[in-house]
Amino acid sequence: AERFIRLAIELLGPDPWASPRWAFDLFVELHLVLYSRPDYAAADAVYAELAARATDPAALVAPTRVQMIALSNRTRYADALMLGGELLASLGIEVPFDDLVPAVESELARLDGHLRSGGLEQLTDEAPWSGAHEPTAALMNRMIPVAFFTQPLVAFWLSLRSANDWFDSGFLDDRLYPTACATLATIGMRGDYRAGHAIAQRALEVATASASASPTELARTHHVVGLFNAHWAHPLADDLFHARLAFDELSRAGEFEFACFSFFTSQAAVLDTCEHLDELRAEVDAAEAFADQLGNLHAQQSFVSYRQLLRALLGETATPGSFDDATFDEADHERAVAANPMAATFFHVHRALAAAVFDDPLRLARHADAAAELRPYITGFYPEALIVVLHSLALLARLRDGGDGGEAEHRRRLDEHRAWLAARAVEAPINFGHLHLLVDAETLEIDGRHADATARFAEAAELAAARRRPWHHAVTAERAGRFHLRRGDHDAARTWLATAADAYRRWAATAPAAALDAELS
């Protein structure tokens, strides 16, 4: 593609810009190709030429959408967001960077009005009379992901503004994906998982039934339904359906950024549902290979934590439970992702999970605390639930130990987490019911209700096994064993710890299984 485009540019003569209309269109295509290779330095140079030559800001929308991705892939989020924001302002829409909370609340109020008046049922693919707003809709569509990576409130405002524009002005392809992202704001601002899910499902229904919706935007909508929405109301396996469908269609369409992002959904779902770690290895290898091919540093830095967790479970890291090996240093990685808060979140949540699996309370506390602080950067993602569970376990350990002076605050946060898990368990019991019971069991222990805790541990383990969640079952069984050890009931403890070792072994997590076998021998 690059060869043919450059030949076409040569045909325009020594100064291609003597034919400005043809030159501009060809350089837009060249910019897309250079991004797709990826050759970011050359793409930057071509974009600078386009920006200097453009006489109408609307003509810059298409290359700016691509340039924002090229910058975001290199974790240059602030530059990408500024680029989009400045062009959007020149097209007549100012992003309220300095007044975000009231602006988001105002858009939420508009959305509430549409929902109360039955607007969700009336949402159709009827197009507006005029296409005058298409450039701004297209630009806002592409600004949402980069905004979410660096300033989530901006992403909230953009998605809500786009959704409200659909209600008010009519259907455009570029309003599909943003409307499905309204979940970000309903969760982030109100803790309302149900409303956002209903909006996303309606957007997907309209797009699926529409003859005018583009396959690419439909696939991007499937992507965000899997990433932000489905697991709050449907079995986690549904996330995989949406992710696989999105990846296939987006790859065919050359929509590489979002094809890559589909692995955020699939890796999380495979980790928690796979029967054998070979399935996770295949998913992790595919995710890393795709991100490497694209030069997508944002994804590379996020996906590597899945690889290192897998290696820890298989006993392939330097010490039990650590992520350190010949190719990876935890401290170096933590410094490297300081500018990539989403990647930092994934590192801390997976490192906390490894600490929970390998009974390392100090590292569980450190990494769960860090993940809890970064939680807004994965608002709506399924691993948000893992943060809540792991941070709850860390808080429970502090409350059992006592003496740090923060017991009241620990209990307040624990009760918030329990209430959150209880609500999620009502709306999607297959995903969250047993996790809520696990945290509840340990809370009953610190409340001195040991008989109730014993029953709750058993119920949580039984449900995790029945729902085919291997590491959930293993961790629950192990923590039940530790509970009985604290109670001095060594026979019950051995039974539970042996159950946990067997569960890890069936899952192929040989390292934690071996650690428990050694403890039991």
# chains A, B, ... in the order shown; residues from 1 in each chain; ligands from 1

call {"tool": "residues_around", "arguments": {"residues": "Ala501 (chain A)", "least_positions_apart": "6", "cutoff": "8 Å", "atoms": "only C-alpha atoms", "output": "PDB file with all heavy atoms, in the first residue's frame"}}
result
ATOM      1  N   ALA A 474      -9.898 -22.819  44.282  1.00  0.00           N
ATOM      2  CA  ALA A 474      -8.667 -23.136  45.003  1.00  0.00           C
ATOM      3  C   ALA A 474      -8.378 -22.123  46.107  1.00  0.00           C
ATOM      4  O   ALA A 474      -8.044 -22.496  47.242  1.00  0.00           O
ATOM      5  CB  ALA A 474      -7.500 -23.194  44.014  1.00  0.00           C
ATOM      6  N   PRO A 512       1.698 -23.275  43.159  1.00  0.00           N
ATOM      7  CA  PRO A 512       0.947 -23.249  44.418  1.00  0.00           C
ATOM      8  C   PRO A 512       0.552 -24.645  44.891  1.00  0.00           C
ATOM      9  O   PRO A 512       0.473 -24.896  46.098  1.00  0.00           O
ATOM     10  CB  PRO A 512      -0.269 -22.377  44.106  1.00  0.00           C
ATOM     11  CG  PRO A 512      -0.392 -22.373  42.625  1.00  0.00           C
ATOM     12  CD  PRO A 512       0.996 -22.522  42.100  1.00  0.00           C
ATOM     13  N   ALA A 513       0.313 -25.568  43.958  1.00  0.00           N
ATOM     14  CA  ALA A 513       0.006 -26.945  44.366  1.00  0.00           C
ATOM     15  C   ALA A 513       1.191 -27.558  45.101  1.00  0.00           C
ATOM     16  O   ALA A 513       1.020 -28.203  46.148  1.00  0.00           O
ATOM     17  CB  ALA A 513      -0.349 -27.782  43.137  1.00  0.00           C
ATOM     18  N   ALA A 514       2.405 -27.343  44.563  1.00  0.00           N
ATOM     19  CA  ALA A 514       3.605 -27.893  45.208  1.00  0.00           C
ATOM     20  C   ALA A 514       3.834 -27.267  46.578  1.00  0.00           C
ATOM     21  O   ALA A 514       4.233 -27.957  47.526  1.00  0.00           O
ATOM     22  CB  ALA A 514       4.818 -27.669  44.313  1.00  0.00           C
ATOM     23  N   LEU A 516       1.555 -26.127  48.653  1.00  0.00           N
ATOM     24  CA  LEU A 516       0.599 -26.705  49.594  1.00  0.00           C
ATOM     25  C   LEU A 516       0.951 -28.159  49.905  1.00  0.00           C
ATOM     26  O   LEU A 516       0.823 -28.603  51.067  1.00  0.00           O
ATOM     27  CB  LEU A 516      -0.816 -26.606  49.025  1.00  0.00           C
ATOM     28  CG  LEU A 516      -1.435 -25.202  49.059  1.00  0.00           C
ATOM     29  CD1 LEU A 516      -2.736 -25.171  48.275  1.00  0.00           C
ATOM     30  CD2 LEU A 516      -1.680 -24.741  50.501  1.00  0.00           C
ATOM     31  N   ASP A 517       1.405 -28.910  48.910  1.00  0.00           N
ATOM     32  CA  ASP A 517       1.830 -30.297  49.158  1.00  0.00           C
ATOM     33  C   ASP A 517       2.955 -30.331  50.183  1.00  0.00           C
ATOM     34  O   ASP A 517       2.975 -31.183  51.087  1.00  0.00           O
ATOM     35  CB  ASP A 517       2.295 -30.950  47.852  1.00  0.00           C
ATOM     36  CG  ASP A 517       1.137 -31.274  46.910  1.00  0.00           C
ATOM     37  OD1 ASP A 517      -0.015 -31.331  47.391  1.00  0.00           O
ATOM     38  OD2 ASP A 517       1.396 -31.466  45.712  1.00  0.00           O
TER      39      ASP A 517
END

call {"tool": "residues_around", "arguments": {"residues": "region 132-144 of chain A", "least_positions_apart": "4", "cutoff": "7 Å", "atoms": "only C-alpha atoms", "output": "ChimeraX atom specification"}}
result
/A:58,61,65,81,84,88,91,148,155,158-159,162,174-175,178

call {"tool": "residues_around", "arguments": {"residues": "region 98-113 of chain A", "least_positions_apart": "5", "cutoff": "12 Å", "atoms": "only C-alpha atoms", "output": "PyMOL selection string"}}
result
chain A and resi 118-120+151-168+179+182-190+192+195-196+199

call {"tool": "closest_residue", "arguments": {"among": "A:Leu399, A:Ala70, A:Val388, A:Val225", "to": "Glu205 (chain A)", "atoms": "only C-alpha atoms"}}
result
A:Val225

call {"tool": "residues_around", "arguments": {"residues": "Pro470 (chain A)", "least_positions_apart": "3", "cutoff": "12 Å", "atoms": "only C-alpha atoms", "output": "ChimeraX atom specification"}}
result
/A:270-277,357,461-467,473-477,499-509
